[in-house]
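Student: Dropping the structure in here first, questions after.
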Amino acid sequence: MTITYNFDEIIDRRASDSVKWATGQIFNHDDAIPMWVADMDFRTPQPVIDALVERARHGIFGYPLRSEAYSQAIVGWFGRRHNWQIEPSWIEPNPGVVTALTVAVLSYTQPGDKVIVQPPVYFPFFSVVKNNGRHLIENRLKIENGRYVMDYEALESQLKDPRVRMMVLCSPHNPVGRVWTSEELRPLAELCVKHNLVLVFAGHHHVATASLSPEIAQNTVTLASPSKTFNLAGLSSSFAIIPNPELRKRFAITTDSVHVGGISIFGLLGVETAYTAGEEWLEQLLPYLNCNLDTLQTFVEQRLPRLKLYRPEGTYLAWLDCRGLGLDPSALRYLILKNAGLGLNDGATFGLGGEGFQRMNVACRRALLEQALEQLETAVKALPE
């Protein structure tokens, strides 16, 4: 039976213990429109809801066993959606991508080793490295012809340092929204193989780095989750895919030592059901999100010409260049929050190259997005030219 989903539905999240909507606690502004943390204001696919409700009715929530159906759901998803044929034995469940990244840092590097990231990038990447006694090396992205690209020349120079042991790659890149192509990924991965560097690939992706060649697969650890695609972040349902048995063994040993290998009974069921019965919902969601991005792009171009949008090729997180407003960082934050009444992510938190930018989550009903843009326009128009 086909289910028609209404993404314009008004759903009050303020009383649901939602971090996103706790603007009073997070921003000290109860009325700010929350468009920051990466979750969506849409209900998850109905089959997922039904499966979780049915399991809850069972009434016993003991320790769960990872089922064959769970593993096959992941295998099927990556085969269908990403053209990557994986083995069930490669899968290592864990509570979250950042948790898995922490495990990877502990598994493949030693204190004092160096780890490369590509800023501006998802800010937990920084703390995961630094808080575990490793040194951060920043291979900053470049803007060429209005598009973010990798700096391979700088990367190769950085890889000559023998203390560099790992690189973290984000795709779709958060916050700039690039989905790296196979032509971009191959030279990067080959550099990592050449320098015996473990490449940790974080996030859902259109081109799986490990699918490029068997040699690259043996050097790559892929961290993924259905949480952003199907709005399941609260289920803490992530996993690592590790073809190399030695790397997988090291990952499993670290996971066991810090006891973060399991996910909840609802997380396991959420992954299985989303990947086997959620595509109908996803195929309806994607055009809606694309229309939201069209709305944002048209509004910025026609009514906010001092801003520039870097439209995401993947994700629902828009990267707004606000440097044309001529504001210092504190003034820009004040404008966005106090004058425009918007709770966005300040670009500076994403590291080098993020200053003067704001990240906006457009995974909301279109009327709310339009309201937010009108508030932003009013605030910007009040600024001196």
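Ordered as shown in the structure tokens, chains take letters A, B, and onward, while each chain numbers its residues from 1 and ligands are numbered from 1 in the order shown.
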Contacts of Arg359 of chain A at 7 Å or less, counting only C-alpha atoms, minus same-chain residues fewer than 4 places along, as a ChimeraX atom specification?
Tutor: /A:36,175,317-320,344-347
Student: Could you list, with a cut-off of 8 Å and counting only C-alpha atoms, the residues of segment 241-296 of chain A near segment 65-83 of chain A, each shown with its nearest atom pair and the distance in Å rounded to one decimal, rows sorted by chain and ascending number, as a tab-separated table?
Tutor:
```
residue	atom	partner	partner_atom	distance
A:Leu268	CA	A:Tyr70	CA	6.7
A:Leu269	CA	A:Tyr70	CA	7.3
A:Val271	CA	A:Tyr70	CA	7.0
A:Glu272	CA	A:Tyr70	CA	4.8
A:Thr273	CA	A:Ala73	CA	7.8
A:Tyr275	CA	A:Ala73	CA	5.6
A:Thr276	CA	A:Ala73	CA	5.9
```
Student: Any idea what's packed within 12 Å of Ser157 of chain A, counting only C-alpha atoms, ignoring anything in its chain fewer than 2 positions away? Could you give it as a list in words?
Tutor: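 After dropping sequence-adjacent residues, the list is Ile116, Ile137, Glu138, Asn139, Asp151, Tyr152, Glu153, Ala154, Leu155, Leu159, Lys160, Asp161, Pro162, Val164, Leu191 and His195 of chain A.
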Student: Those same residues, written as a compact mmCIF listing (two decimals), in the first residue's frame with N, CA and C atoms?
Tutor:
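Output below, filename selection.txt:
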```txt
# COMPACT_ATOMS: atom_id res chain seq x y z
N ILE A 116 44.40 13.99 10.09
CA ILE A 116 44.02 15.06 9.15
C ILE A 116 42.51 15.16 9.04
N ILE A 137 45.71 18.01 12.18
CA ILE A 137 46.27 18.62 10.98
C ILE A 137 45.11 19.02 10.08
N GLU A 138 45.08 20.28 9.68
CA GLU A 138 43.93 20.79 8.92
C GLU A 138 44.29 20.98 7.45
N ASN A 139 43.71 20.15 6.62
CA ASN A 139 43.85 20.25 5.17
C ASN A 139 42.64 21.04 4.67
N ASP A 151 42.37 20.31 -1.54
CA ASP A 151 43.72 20.80 -1.84
C ASP A 151 44.68 19.61 -1.79
N TYR A 152 44.83 18.92 -2.92
CA TYR A 152 45.65 17.71 -2.96
C TYR A 152 47.14 18.03 -2.77
N GLU A 153 47.57 19.16 -3.29
CA GLU A 153 48.99 19.53 -3.18
C GLU A 153 49.37 19.70 -1.71
N ALA A 154 48.53 20.43 -0.97
CA ALA A 154 48.81 20.61 0.46
C ALA A 154 48.71 19.28 1.20
N LEU A 155 47.75 18.45 0.79
CA LEU A 155 47.57 17.15 1.44
C LEU A 155 48.80 16.27 1.27
N LEU A 159 51.12 14.66 4.20
CA LEU A 159 51.27 13.22 4.36
C LEU A 159 52.72 12.76 4.45
N LYS A 160 53.64 13.64 4.14
CA LYS A 160 55.07 13.29 4.25
C LYS A 160 55.51 13.20 5.71
N ASP A 161 54.73 13.76 6.60
CA ASP A 161 55.04 13.68 8.03
C ASP A 161 54.74 12.26 8.51
N PRO A 162 55.73 11.51 9.00
CA PRO A 162 55.50 10.11 9.40
C PRO A 162 54.58 9.96 10.61
N VAL A 164 51.69 11.41 10.81
CA VAL A 164 50.31 11.43 10.32
C VAL A 164 49.87 9.99 10.07
N LEU A 191 46.50 8.43 -2.34
CA LEU A 191 47.52 9.07 -1.50
C LEU A 191 47.57 8.39 -0.12
N HIS A 195 50.79 6.31 1.47
CA HIS A 195 51.45 6.69 2.72
C HIS A 195 51.01 5.82 3.90
```
Student: How would you write, as a PyMOL selection string, the set of residues in segment 107-250 of chain A that DSSP gives as alpha helix (DSSP H)?
Tutor: chain A and resi 107-108+124-130+152-159+182-194+214-217+227-230+245-250
Student: Between A:Gly351, A:Gly112, A:Pro312, A:Pro305, single out the one closest to Asn290 of chain A, counting only C-alpha atoms.
Tutor: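 Of A:Gly351, A:Gly112, A:Pro312, A:Pro305, the one nearest Asn290 of chain A, counting only C-alpha atoms, is A:Pro312.
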Student: For Arg365 of chain A, find every residue with an atom within 10 Å (counting only C-alpha atoms), except residues of its own chain fewer than 5 positions away, and show them as a VMD selection string.
Tutor: chain A and resid 6 to 11 40 to 42 288 to 289 292 370
Student: With N, CA and C atoms retained, could you export that selection as an mmCIF file, in the first residue's frame?
Tutor:
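After the write, again01.cif holds the following:
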```cif
data_model
loop_
_atom_site.group_PDB
_atom_site.id
_atom_site.type_symbol
_atom_site.label_atom_id
_atom_site.label_comp_id
_atom_site.auth_asym_id
_atom_site.auth_seq_id
_atom_site.Cartn_x
_atom_site.Cartn_y
_atom_site.Cartn_z
ATOM 1 N N ASN A 6 2.807 13.865 4.371
ATOM 2 C CA ASN A 6 2.556 15.308 4.361
ATOM 3 C C ASN A 6 3.679 16.000 5.121
ATOM 4 N N PHE A 7 4.633 16.550 4.380
ATOM 5 C CA PHE A 7 5.768 17.207 5.021
ATOM 6 C C PHE A 7 5.462 18.654 5.412
ATOM 7 N N ASP A 8 4.260 19.115 5.108
ATOM 8 C CA ASP A 8 3.817 20.440 5.558
ATOM 9 C C ASP A 8 3.065 20.375 6.880
ATOM 10 N N GLU A 9 2.908 19.184 7.425
ATOM 11 C CA GLU A 9 2.186 19.014 8.687
ATOM 12 C C GLU A 9 2.869 19.787 9.809
ATOM 13 N N ILE A 10 2.086 20.464 10.609
ATOM 14 C CA ILE A 10 2.615 21.169 11.782
ATOM 15 C C ILE A 10 2.720 20.171 12.935
ATOM 16 N N ILE A 11 3.921 19.947 13.411
ATOM 17 C CA ILE A 11 4.168 19.021 14.522
ATOM 18 C C ILE A 11 4.873 19.793 15.625
ATOM 19 N N MET A 40 15.437 16.502 11.409
ATOM 20 C CA MET A 40 14.344 17.045 10.601
ATOM 21 C C MET A 40 13.072 17.185 11.421
ATOM 22 N N ASP A 41 12.229 18.092 10.984
ATOM 23 C CA ASP A 41 10.941 18.294 11.652
ATOM 24 C C ASP A 41 9.839 17.441 11.031
ATOM 25 N N PHE A 42 10.209 16.313 10.459
ATOM 26 C CA PHE A 42 9.253 15.417 9.803
ATOM 27 C C PHE A 42 9.217 14.083 10.546
ATOM 28 N N TYR A 288 10.737 17.233 -1.794
ATOM 29 C CA TYR A 288 10.303 18.300 -0.889
ATOM 30 C C TYR A 288 11.507 19.102 -0.408
ATOM 31 N N LEU A 289 12.571 18.397 -0.014
ATOM 32 C CA LEU A 289 13.788 19.091 0.428
ATOM 33 C C LEU A 289 14.398 19.894 -0.717
ATOM 34 N N ASN A 292 12.587 23.038 -0.984
ATOM 35 C CA ASN A 292 13.006 23.947 0.084
ATOM 36 C C ASN A 292 14.311 24.642 -0.289
ATOM 37 N N GLU A 370 9.992 29.842 5.001
ATOM 38 C CA GLU A 370 9.662 31.153 4.435
ATOM 39 C C GLU A 370 9.590 32.218 5.520
#
```
Student: Using only C-alpha atoms, which of the listed residues (A:Thr378, A:Asn131, A:Asn231, A:Gln110) sits closest to Leu282 of chain A?
Tutor: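 Nearest to Leu282 of chain A: A:Asn231.
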Student: Have a look at A:Asn196, A:Ser182, A:Ser264, A:Thr2 and name the one nearest to Met166 of chain A; count only C-alpha atoms.
Tutor: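 The shortest atom-to-atom distance to Met166 of chain A comes from A:Asn196.
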